[in-house]
$ cat structure.txt   # compact mmCIF, C-alpha atoms and all ligand atoms
# COMPACT_ATOMS: atom_id res chain seq x y z
CA MET X 1 -22.45 -5.02 -9.60
CA VAL X 2 -19.19 -6.91 -9.29
CA ILE X 3 -17.29 -7.30 -6.02
CA LEU X 4 -13.59 -6.59 -6.45
CA ASP X 5 -12.18 -9.59 -4.62
CA GLY X 6 -8.91 -8.52 -3.04
CA LYS X 7 -8.21 -11.94 -1.54
CA GLU X 8 -8.42 -13.75 -4.88
CA THR X 9 -6.52 -11.05 -6.77
CA ALA X 10 -3.79 -10.98 -4.12
CA LYS X 11 -3.52 -14.78 -4.34
CA LYS X 12 -3.12 -14.56 -8.10
CA LEU X 13 -0.43 -11.87 -7.84
CA LYS X 14 1.47 -13.86 -5.20
CA GLU X 15 1.33 -17.00 -7.38
CA GLU X 16 2.75 -15.04 -10.32
CA LEU X 17 5.55 -13.71 -8.12
CA ASN X 18 6.27 -17.17 -6.76
CA LYS X 19 6.66 -18.53 -10.31
CA LYS X 20 9.02 -15.68 -11.16
CA LEU X 21 11.21 -16.25 -8.11
CA SER X 22 11.25 -20.03 -8.64
CA CYS X 23 12.69 -19.43 -12.12
CA TYR X 24 15.40 -17.16 -10.71
CA TYR X 25 16.27 -19.67 -7.98
CA GLU X 26 16.34 -22.57 -10.44
CA GLY X 27 18.77 -20.51 -12.48
CA GLY X 28 21.09 -20.47 -9.47
CA ASN X 29 20.43 -16.90 -8.37
CA LYS X 30 20.67 -15.83 -4.75
CA LYS X 31 17.56 -15.50 -2.59
CA CYS X 32 15.31 -12.42 -2.59
CA LYS X 33 15.60 -10.89 0.89
CA LEU X 34 13.30 -8.53 2.78
CA LYS X 35 14.24 -7.15 6.19
CA ILE X 36 11.44 -5.92 8.42
CA LEU X 37 12.42 -3.63 11.29
CA MET X 38 10.03 -3.44 14.19
CA VAL X 39 10.59 -1.31 17.26
CA GLY X 40 8.68 -2.37 20.38
CA ASN X 41 5.60 -4.59 20.22
CA ASN X 42 2.62 -2.58 19.10
CA PRO X 43 -0.19 -5.23 18.90
CA ALA X 44 -1.57 -3.96 15.56
CA SER X 45 1.95 -3.97 14.08
CA GLU X 46 2.42 -7.56 15.28
CA VAL X 47 -0.60 -8.61 13.19
CA TYR X 48 0.57 -6.68 10.10
CA VAL X 49 4.09 -8.08 10.38
CA ARG X 50 2.78 -11.63 10.70
CA ASN X 51 0.68 -11.18 7.53
CA LYS X 52 3.66 -9.82 5.63
CA SER X 53 5.82 -12.70 6.77
CA LYS X 54 3.18 -15.25 5.68
CA ALA X 55 2.98 -13.60 2.27
CA CYS X 56 6.79 -13.73 1.95
CA GLU X 57 6.68 -17.44 2.63
CA ALA X 58 4.00 -17.98 -0.05
CA VAL X 59 6.00 -16.00 -2.62
CA GLY X 60 9.44 -17.42 -1.77
CA ILE X 61 10.95 -14.25 -0.33
CA GLU X 62 13.36 -14.82 2.57
CA ASP X 63 12.15 -12.39 5.21
CA GLU X 64 13.68 -11.55 8.54
CA LEU X 65 11.91 -9.69 11.30
CA ILE X 66 14.42 -7.62 13.25
CA ARG X 67 12.93 -6.77 16.62
CA LEU X 68 14.39 -3.74 18.33
CA ASP X 69 13.91 -2.57 21.89
CA GLU X 70 11.11 -0.08 22.46
CA ASN X 71 13.58 2.36 24.05
CA ILE X 72 16.16 2.26 21.28
CA SER X 73 17.75 5.66 20.59
CA GLN X 74 17.34 7.53 17.32
CA SER X 75 21.03 7.14 16.49
CA LYS X 76 21.11 3.37 17.17
CA LEU X 77 18.03 2.86 14.99
CA GLU X 78 19.50 4.98 12.21
CA GLU X 79 22.71 2.95 12.44
CA LYS X 80 20.70 -0.25 11.99
CA VAL X 81 18.87 1.09 8.93
CA LEU X 82 22.12 2.27 7.37
CA SER X 83 23.76 -1.11 7.88
CA LEU X 84 20.86 -2.77 5.99
CA ALA X 85 21.05 -0.05 3.33
CA ASN X 86 24.71 -0.96 2.76
CA ASP X 87 24.17 -4.74 2.84
CA GLU X 88 24.18 -5.97 -0.77
CA SER X 89 22.37 -9.19 0.12
CA VAL X 90 19.30 -7.20 1.24
CA HIS X 91 16.82 -6.21 -1.49
CA GLY X 92 14.02 -4.60 0.47
CA ILE X 93 13.83 -2.74 3.79
CA LEU X 94 10.58 -2.15 5.58
CA ILE X 95 10.28 -0.10 8.75
CA GLN X 96 7.07 -1.08 10.48
CA LEU X 97 5.21 2.08 11.50
CA PRO X 98 4.27 3.63 13.82
CA LEU X 99 7.51 3.99 15.73
CA PRO X 100 7.43 4.87 19.44
CA LYS X 101 6.86 8.59 20.05
CA HIS X 102 10.45 9.46 21.04
CA LEU X 103 11.70 8.53 17.54
CA ASP X 104 11.65 10.75 14.44
CA GLU X 105 9.80 8.52 11.96
CA ASP X 106 10.52 10.65 8.88
CA ALA X 107 14.25 10.87 9.60
CA VAL X 108 14.48 7.07 9.95
CA THR X 109 12.35 6.33 6.88
CA GLU X 110 14.36 8.71 4.69
CA LEU X 111 17.49 6.59 5.28
CA VAL X 112 16.05 3.74 3.23
CA PRO X 113 17.66 4.03 -0.22
CA PRO X 114 15.17 4.35 -3.10
CA GLU X 115 16.20 1.01 -4.65
CA LYS X 116 15.26 -0.80 -1.39
CA ASP X 117 12.26 1.38 -0.47
CA VAL X 118 9.65 -1.33 -1.08
CA ASP X 119 7.10 0.59 1.00
CA GLY X 120 7.52 3.61 -1.27
CA PHE X 121 7.39 5.99 1.70
CA THR X 122 10.50 8.12 1.10
CA THR X 123 10.52 11.57 -0.44
CA LYS X 124 12.62 10.25 -3.30
CA SER X 125 10.11 7.50 -4.13
CA LEU X 126 7.20 9.94 -4.06
CA GLY X 127 9.21 12.35 -6.21
CA LEU X 128 9.96 9.63 -8.78
CA LEU X 129 6.26 8.82 -8.89
CA ALA X 130 5.41 12.50 -9.36
CA VAL X 131 7.64 12.75 -12.43
CA GLY X 132 6.44 9.38 -13.75
CA LYS X 133 9.78 7.57 -13.36
CA ASP X 134 10.54 4.06 -12.07
CA GLY X 135 10.53 4.13 -8.29
CA PHE X 136 8.42 2.21 -5.83
CA LEU X 137 4.75 3.06 -5.65
CA SER X 138 3.50 2.66 -2.09
CA CYS X 139 1.71 -0.60 -1.54
CA THR X 140 -1.93 0.45 -1.05
CA PRO X 141 -2.19 2.57 -4.22
CA GLY X 142 -0.07 0.02 -6.09
CA GLY X 143 -2.35 -2.82 -5.04
CA ILE X 144 -5.43 -0.84 -6.05
CA VAL X 145 -4.12 -0.04 -9.53
CA TYR X 146 -3.14 -3.71 -9.97
CA MET X 147 -6.62 -4.83 -8.92
CA LEU X 148 -8.45 -2.37 -11.21
CA LYS X 149 -6.35 -3.49 -14.17
CA ASN X 150 -6.78 -7.14 -13.26
CA TYR X 151 -10.56 -6.72 -13.54
CA GLY X 152 -10.12 -5.01 -16.92
CA ILE X 153 -11.49 -1.71 -15.66
CA PRO X 154 -10.55 1.07 -18.09
CA LEU X 155 -8.61 3.91 -16.48
CA ALA X 156 -7.42 6.20 -19.30
CA GLY X 157 -9.60 9.28 -19.66
CA LYS X 158 -11.81 8.40 -16.68
CA HIS X 159 -12.50 10.88 -13.91
CA ALA X 160 -10.96 9.52 -10.71
CA VAL X 161 -11.78 11.23 -7.44
CA VAL X 162 -9.55 10.43 -4.45
CA ILE X 163 -10.81 11.45 -1.02
CA GLY X 164 -7.75 11.81 1.25
CA ARG X 165 -4.28 13.21 0.60
CA SER X 166 -2.04 11.40 3.07
CA LYS X 167 1.57 10.71 2.15
CA ILE X 168 1.07 6.94 2.17
CA VAL X 169 -2.32 6.59 0.49
CA GLY X 170 -4.15 9.63 -0.93
CA LYS X 171 -1.28 11.49 -2.64
CA PRO X 172 0.46 8.51 -4.23
CA MET X 173 -2.98 7.18 -5.25
CA ALA X 174 -3.79 10.41 -7.09
CA LEU X 175 -0.36 10.43 -8.77
CA ALA X 176 -0.59 6.76 -9.75
CA LEU X 177 -3.99 7.30 -11.36
CA LEU X 178 -2.66 10.38 -13.16
CA ASN X 179 0.18 8.22 -14.49
CA GLU X 180 -2.53 5.82 -15.73
CA ASN X 181 -4.03 8.75 -17.68
CA CYS X 182 -7.04 9.28 -15.45
CA THR X 183 -8.32 12.82 -14.97
CA VAL X 184 -7.77 13.15 -11.24
CA THR X 185 -9.40 15.25 -8.53
CA ALA X 186 -7.82 15.08 -5.06
CA CYS X 187 -10.23 15.92 -2.22
CA HIS X 188 -9.51 16.50 1.47
CA SER X 189 -11.00 17.97 4.61
CA LYS X 190 -11.03 21.53 3.20
CA THR X 191 -12.72 20.56 -0.06
CA GLU X 192 -15.91 22.50 -0.71
CA ASN X 193 -18.94 20.78 -2.27
CA LEU X 194 -17.42 17.33 -1.80
CA LYS X 195 -20.65 15.55 -2.73
CA GLU X 196 -20.95 17.45 -6.05
CA ILE X 197 -17.41 16.38 -6.92
CA THR X 198 -17.70 12.73 -5.90
CA ARG X 199 -20.93 12.41 -7.90
CA THR X 200 -18.92 13.07 -11.06
CA ALA X 201 -16.41 10.29 -10.34
CA ASP X 202 -16.15 7.31 -12.68
CA ILE X 203 -13.69 5.88 -10.15
CA LEU X 204 -14.07 6.90 -6.51
CA ILE X 205 -11.34 6.06 -3.99
CA ALA X 206 -12.17 6.63 -0.32
CA ALA X 207 -9.11 6.97 1.96
CA VAL X 208 -10.55 9.09 4.74
CA GLY X 209 -10.42 6.99 7.89
CA ARG X 210 -14.06 7.67 8.84
CA PRO X 211 -16.51 4.78 9.04
CA LEU X 212 -19.27 4.78 6.38
CA PHE X 213 -18.29 8.30 5.24
CA VAL X 214 -19.25 7.74 1.59
CA THR X 215 -23.02 7.50 1.30
CA ALA X 216 -25.19 6.53 -1.68
CA ASP X 217 -25.97 10.15 -2.61
CA MET X 218 -22.23 10.79 -3.13
CA VAL X 219 -21.87 8.12 -5.81
CA LYS X 220 -22.69 8.26 -9.53
CA ASP X 221 -24.62 5.33 -11.03
CA GLY X 222 -22.20 2.80 -12.47
CA ALA X 223 -19.13 4.15 -10.65
CA VAL X 224 -16.21 1.98 -9.53
CA VAL X 225 -15.84 2.41 -5.77
CA VAL X 226 -12.68 1.48 -3.88
CA ASP X 227 -12.78 1.56 -0.10
CA VAL X 228 -9.38 1.94 1.57
CA GLY X 229 -10.72 2.61 5.07
CA ILE X 230 -10.11 0.30 7.98
CA ASN X 231 -12.07 1.61 10.95
CA ARG X 232 -12.55 -0.32 14.16
CA THR X 233 -16.01 0.47 15.57
CA ASP X 234 -18.26 -1.01 18.25
CA ASP X 235 -20.02 -2.84 15.38
CA GLY X 236 -16.77 -4.34 14.12
CA LEU X 237 -14.48 -3.43 11.26
CA LYS X 238 -15.97 -0.84 8.88
CA GLY X 239 -14.73 0.77 5.70
CA ASP X 240 -15.04 4.40 4.66
CA VAL X 241 -17.93 3.46 2.36
CA ASP X 242 -21.49 2.62 3.40
CA PHE X 243 -21.26 -0.64 1.44
CA ASP X 244 -24.88 -1.77 1.83
CA ALA X 245 -26.27 1.53 0.56
CA VAL X 246 -23.68 2.16 -2.15
CA ALA X 247 -23.23 -1.33 -3.65
CA ASP X 248 -26.40 -1.30 -5.78
CA LYS X 249 -25.33 1.91 -7.54
CA CYS X 250 -21.85 0.71 -8.49
CA SER X 251 -20.45 -1.26 -11.38
CA TYR X 252 -17.62 -2.51 -9.13
CA ILE X 253 -16.94 -2.16 -5.41
CA THR X 254 -14.37 -3.44 -2.90
CA PRO X 255 -15.56 -5.05 0.34
CA VAL X 256 -14.02 -4.39 3.79
CA PRO X 257 -12.41 -6.66 4.81
CA GLY X 258 -11.20 -8.62 1.79
CA GLY X 259 -10.69 -5.76 -0.65
CA VAL X 260 -7.79 -3.34 -0.49
CA GLY X 261 -6.12 -4.88 2.60
CA PRO X 262 -4.89 -8.13 1.00
CA MET X 263 -3.81 -6.19 -2.12
CA THR X 264 -1.60 -3.93 0.00
CA VAL X 265 0.37 -6.91 1.33
CA ALA X 266 0.54 -8.55 -2.10
CA TYR X 267 1.89 -5.35 -3.63
CA LEU X 268 4.63 -5.21 -1.01
CA MET X 269 5.67 -8.61 -2.33
CA ASN X 270 5.52 -7.24 -5.87
CA ASN X 271 7.77 -4.30 -4.95
CA THR X 272 10.23 -6.60 -3.17
CA VAL X 273 10.49 -8.91 -6.17
CA THR X 274 10.95 -5.88 -8.43
CA ALA X 275 13.78 -4.62 -6.18
CA TYR X 276 15.37 -8.06 -6.43
CA GLU X 277 15.05 -8.20 -10.21
CA ARG X 278 16.55 -4.73 -10.56
CA SER X 279 19.50 -5.76 -8.34
CA LEU X 280 20.16 -8.79 -10.58
CA LYS X 281 20.42 -6.50 -13.59
CA ASN X 282 23.06 -4.32 -11.93
P1 LIG X 301 -4.93 9.98 7.24
O1 LIG X 301 -5.66 10.25 8.49
O2 LIG X 301 -3.47 10.21 7.17
O3 LIG X 301 -5.60 10.83 6.05
C1 LIG X 301 -6.99 10.99 5.95
C2 LIG X 301 -7.28 11.93 4.83
O4 LIG X 301 -8.71 12.11 4.78
C3 LIG X 301 -6.67 13.33 5.01
O5 LIG X 301 -6.06 13.75 3.81
C4 LIG X 301 -7.85 14.21 5.38
O6 LIG X 301 -7.78 15.53 4.87
C5 LIG X 301 -9.00 13.48 4.69
N1 LIG X 301 -10.27 13.79 5.35
C6 LIG X 301 -10.54 13.71 6.68
N2 LIG X 301 -11.80 14.12 6.91
C7 LIG X 301 -12.32 14.47 5.71
C8 LIG X 301 -13.57 15.00 5.29
N3 LIG X 301 -14.55 15.25 6.17
N4 LIG X 301 -13.76 15.25 3.98
C9 LIG X 301 -12.79 15.01 3.07
N5 LIG X 301 -11.57 14.52 3.41
C10 LIG X 301 -11.35 14.26 4.72
O7 LIG X 301 -5.29 8.46 6.84
P2 LIG X 301 -4.56 7.43 5.85
O8 LIG X 301 -4.51 7.99 4.49
O9 LIG X 301 -3.33 6.90 6.46
O10 LIG X 301 -5.63 6.24 5.89
C11 LIG X 301 -6.97 6.42 5.48
C12 LIG X 301 -7.76 5.17 5.83
O11 LIG X 301 -7.22 4.07 5.12
C13 LIG X 301 -7.70 4.76 7.31
O12 LIG X 301 -8.93 4.19 7.65
C14 LIG X 301 -6.61 3.71 7.35
O13 LIG X 301 -6.78 2.81 8.42
C15 LIG X 301 -6.83 3.03 6.03
N6 LIG X 301 -5.67 2.37 5.47
C16 LIG X 301 -5.88 1.15 4.92
C17 LIG X 301 -4.87 0.47 4.31
C18 LIG X 301 -5.17 -0.85 3.69
O14 LIG X 301 -4.25 -1.60 3.42
N7 LIG X 301 -6.43 -1.18 3.44
C19 LIG X 301 -3.50 0.99 4.28
C20 LIG X 301 -3.38 2.34 4.81
C21 LIG X 301 -4.45 2.98 5.39
P3 LIG X 301 -6.66 16.62 5.37
O15 LIG X 301 -5.40 16.24 4.67
O16 LIG X 301 -7.21 17.91 4.94
O17 LIG X 301 -6.56 16.45 6.86

$ encode --input "structure.txt" --output "structure tokens" --more "lines below"
Ligand code: NDP
Amino acid sequence: MVILDGKETAKKLKEELNKKLSCYYEGGNKKCKLKILMVGNNPASEVYVRNKSKACEAVGIEDELIRLDENISQSKLEEKVLSLANDESVHGILIQLPLPKHLDEDAVTELVPPEKDVDGFTTKSLGLLAVGKDGFLSCTPGGIVYMLKNYGIPLAGKHAVVIGRSKIVGKPMALALLNENCTVTACHSKTENLKEITRTADILIAAVGRPLFVTADMVKDGAVVVDVGINRTDDGLKGDVDFDAVADKCSYITPVPGGVGPMTVAYLMNNTVTAYERSLKN
């Protein structure tokens, strides 16, 4: 069994991106810029934003965290997003979620234009992915596909089972694997005979949000298992997969932490650099 090392793979991806940007900068091009909008000071968001900012520094992306008051109105926030959307020097816009309850998250997110939607959260980005065109794949599925390919894991023709169908992980994950020519089954809370389905998976992706949900009897011998879950429990941080029980049955498995998490941040960097490169071509 091989551990899919997200930390190492993320480091490699960030180094590649850094080399790319250095070449552009040496050629006299302007800086690649990412704007991060954060409303209020949700403690979990503070940690995520700090990690993203550190990654930007490693890659050579000029990031700016724009802190907005917790009580900002919907219209003022929308105005701010639109001004960044219209600013030609900005290549990527990220709205750190969740927003405070009085704000309409979807309405704000949808204002990010597809060419700057480095989180891949808008309807347009998901639509482009669905029809197999160049948009931005959201960062968790993007990071996972990058990692699987980096380890030389064959995808075409394999049966991939994705547990979870959220807009930011499960659905784009299923679409991304379909675009990689996997045969995909998308499972969710209404799925009948879940165990029978997961046992047929060559590649099993767990994005459920329930600690240790995937048990050994749900996994086929030799499967590739990717654990997206981040669950805070009394025993510490746990994934969606019962790692200790499942690991021996797998050919490859991601740990939690140190698997999908670092890849998500690295893929945000990848999307931002792609947005920058596309802007240079225009
Ligand atoms: P959501 O809560 O939005 O979605 C969970 C999905 O799991 C839903 O589609 C739900 O089905 C499905 N589900 C729930 N219970 C069952 C069940 N008993 N059987 C089958 N399916 C079930 O979560 P997210 O997609 O946002 O996140 C999933 C996990 O991944 C969380 O732990 C989150 O913290 C983590 N995460 C990790 C990231 C990383 O970088 N590592 C990034 C983003 C998320 P239904 O649609 O029917 O309700």

$ residues_near_ligand --input "structure.txt" --ligand "ligand LIG 301 (chain X)" --cutoff "6 Å" --atoms "all atoms listed in the file" --output "number ranges by chain"
X: 140, 163-166, 169-170, 187-190, 207-209, 228-231, 260-261, 264

$ residues_around --input "structure.txt" --residues "range 105-117 of chain X" --least-positions-apart "4" --cutoff "10 Å" --atoms "only C-alpha atoms" --output "ChimeraX atom specification"
/X:34-35,74-75,77-82,84-86,90-101,121-126,128,134-138,271-272,274-276,278-279

$ closest_residue --input "structure.txt" --among "X:Ser83, X:Asn181, X:Asn270, X:Asn282" --to "Glu15 in chain X" --atoms "only C-alpha atoms"
X:Asn270

$ residues_around --input "structure.txt" --residues "Lys31 in chain X" --least-positions-apart "4" --cutoff "9 Å" --atoms "all atoms listed in the file" --output "ChimeraX atom specification"
/X:21,24-25,60-62,89,276

$ closest_atom_pairs --input "structure.txt" --of "range 50-145 of chain X" --to "range 149-156 of chain X" --cutoff "12 Å" --atoms "all atoms listed in the file" --output "tab-separated table"
residue	atom	partner	partner_atom	distance
X:Gly142	CA	X:Lys149	CA	10.8
X:Gly143	CA	X:Lys149	CA	10.0
X:Ile144	CA	X:Lys149	CA	8.6
X:Val145	CA	X:Lys149	CA	6.2

$ closest_residue --input "structure.txt" --among "X:Ala160, X:Ala201, X:Leu212, X:Met173" --to "Pro141 in chain X" --atoms "all atoms listed in the file"
X:Met173

$ residues_around --input "structure.txt" --residues "Gly222 in chain X" --least-positions-apart "4" --cutoff "12 Å" --atoms "only C-alpha atoms" --output "count of residues only"
17

$ atom_distance --input "structure.txt" --atom1 "CA of Val214 in chain X" --atom2 "CA of Asn193 in chain X"
13.6 Å

$ atom_distance --input "structure.txt" --atom1 "CA of Val118 in chain X" --atom2 "CA of Asn51 in chain X"
15.9 Å

$ axis_aligned_box --input "structure.txt" --around "range 182-193 of chain X" --padding-each-side "6 Å" --output "AutoDock Vina command-line options"
--center_x -13.0 --center_y 15.9 --center_z -5.4 --size_x 23.9 --size_y 25.2 --size_z 32.1

$ atom_distance --input "structure.txt" --atom1 "CA of Cys56 in chain X" --atom2 "CA of Lys11 in chain X"
12.1 Å

$ residues_near_point --input "structure.txt" --point "(11.3, -4.4, 11.6)" --cutoff "6 Å" --atoms "only C-alpha atoms" --output "mmCIF file with C-alpha atoms, in the frame of the given file"
data_model
loop_
_atom_site.group_PDB
_atom_site.id
_atom_site.type_symbol
_atom_site.label_atom_id
_atom_site.label_comp_id
_atom_site.auth_asym_id
_atom_site.auth_seq_id
_atom_site.Cartn_x
_atom_site.Cartn_y
_atom_site.Cartn_z
ATOM 1 C CA ILE X 36 11.440 -5.920 8.420
ATOM 2 C CA LEU X 37 12.420 -3.630 11.290
ATOM 3 C CA MET X 38 10.030 -3.440 14.190
ATOM 4 C CA LEU X 65 11.910 -9.690 11.300
ATOM 5 C CA ILE X 66 14.420 -7.620 13.250
ATOM 6 C CA ARG X 67 12.930 -6.770 16.620
ATOM 7 C CA ILE X 95 10.280 -0.100 8.750
ATOM 8 C CA GLN X 96 7.070 -1.080 10.480
#

$ closest_residue --input "structure.txt" --among "X:Lys238, X:Asp119, X:Asn29, X:Lys7" --to "Lys167 in chain X" --atoms "all atoms listed in the file"
X:Asp119

$ closest_residue --input "structure.txt" --among "X:Gly157, X:Pro172, X:Gly236, X:Pro43" --to "Gly132 in chain X" --atoms "only C-alpha atoms"
X:Pro172

$ closest_residue --input "structure.txt" --among "X:Arg50, X:Ser22, X:Leu129, X:Met218" --to "Leu194 in chain X" --atoms "only C-alpha atoms"
X:Met218

$ residues_around --input "structure.txt" --residues "Gly40 in chain X" --least-positions-apart "5" --cutoff "7 Å" --atoms "only C-alpha atoms" --output "list in words"
Leu68, Asp69 and Glu70 of chain X

$ build_atoms --input "structure.txt" --residues "range 249-262 of chain X" --atoms "N, CA and C atoms" --output "compact mmCIF listing (two decimals), in the coordinates of the input"
# COMPACT_ATOMS: atom_id res chain seq x y z
N LYS X 249 -25.53 0.85 -6.54
CA LYS X 249 -25.33 1.91 -7.54
C LYS X 249 -24.06 1.70 -8.37
N CYS X 250 -23.19 0.79 -7.90
CA CYS X 250 -21.85 0.71 -8.49
C CYS X 250 -21.79 -0.32 -9.61
N SER X 251 -20.76 -0.17 -10.44
CA SER X 251 -20.45 -1.26 -11.38
C SER X 251 -19.51 -2.25 -10.69
N TYR X 252 -18.58 -1.70 -9.89
CA TYR X 252 -17.62 -2.51 -9.13
C TYR X 252 -17.45 -1.88 -7.75
N ILE X 253 -17.20 -2.71 -6.76
CA ILE X 253 -16.94 -2.16 -5.41
C ILE X 253 -16.05 -3.13 -4.62
N THR X 254 -15.19 -2.58 -3.76
CA THR X 254 -14.37 -3.44 -2.90
C THR X 254 -15.07 -3.63 -1.56
N PRO X 255 -15.02 -4.84 -1.00
CA PRO X 255 -15.56 -5.05 0.34
C PRO X 255 -14.52 -4.69 1.40
N VAL X 256 -14.93 -4.52 2.64
CA VAL X 256 -14.02 -4.39 3.79
C VAL X 256 -14.52 -5.34 4.86
N PRO X 257 -13.76 -6.32 5.28
CA PRO X 257 -12.41 -6.66 4.81
C PRO X 257 -12.46 -7.44 3.49
N GLY X 258 -11.27 -7.76 2.98
CA GLY X 258 -11.20 -8.62 1.79
C GLY X 258 -11.07 -7.87 0.48
N GLY X 259 -10.87 -6.55 0.57
CA GLY X 259 -10.69 -5.76 -0.65
C GLY X 259 -9.27 -5.25 -0.78
N VAL X 260 -9.09 -4.01 -0.33
CA VAL X 260 -7.79 -3.34 -0.49
C VAL X 260 -6.71 -3.95 0.43
N GLY X 261 -7.10 -4.38 1.62
CA GLY X 261 -6.12 -4.88 2.60
C GLY X 261 -5.20 -5.96 2.04
N PRO X 262 -5.76 -7.08 1.53
CA PRO X 262 -4.89 -8.13 1.00
C PRO X 262 -4.04 -7.65 -0.18
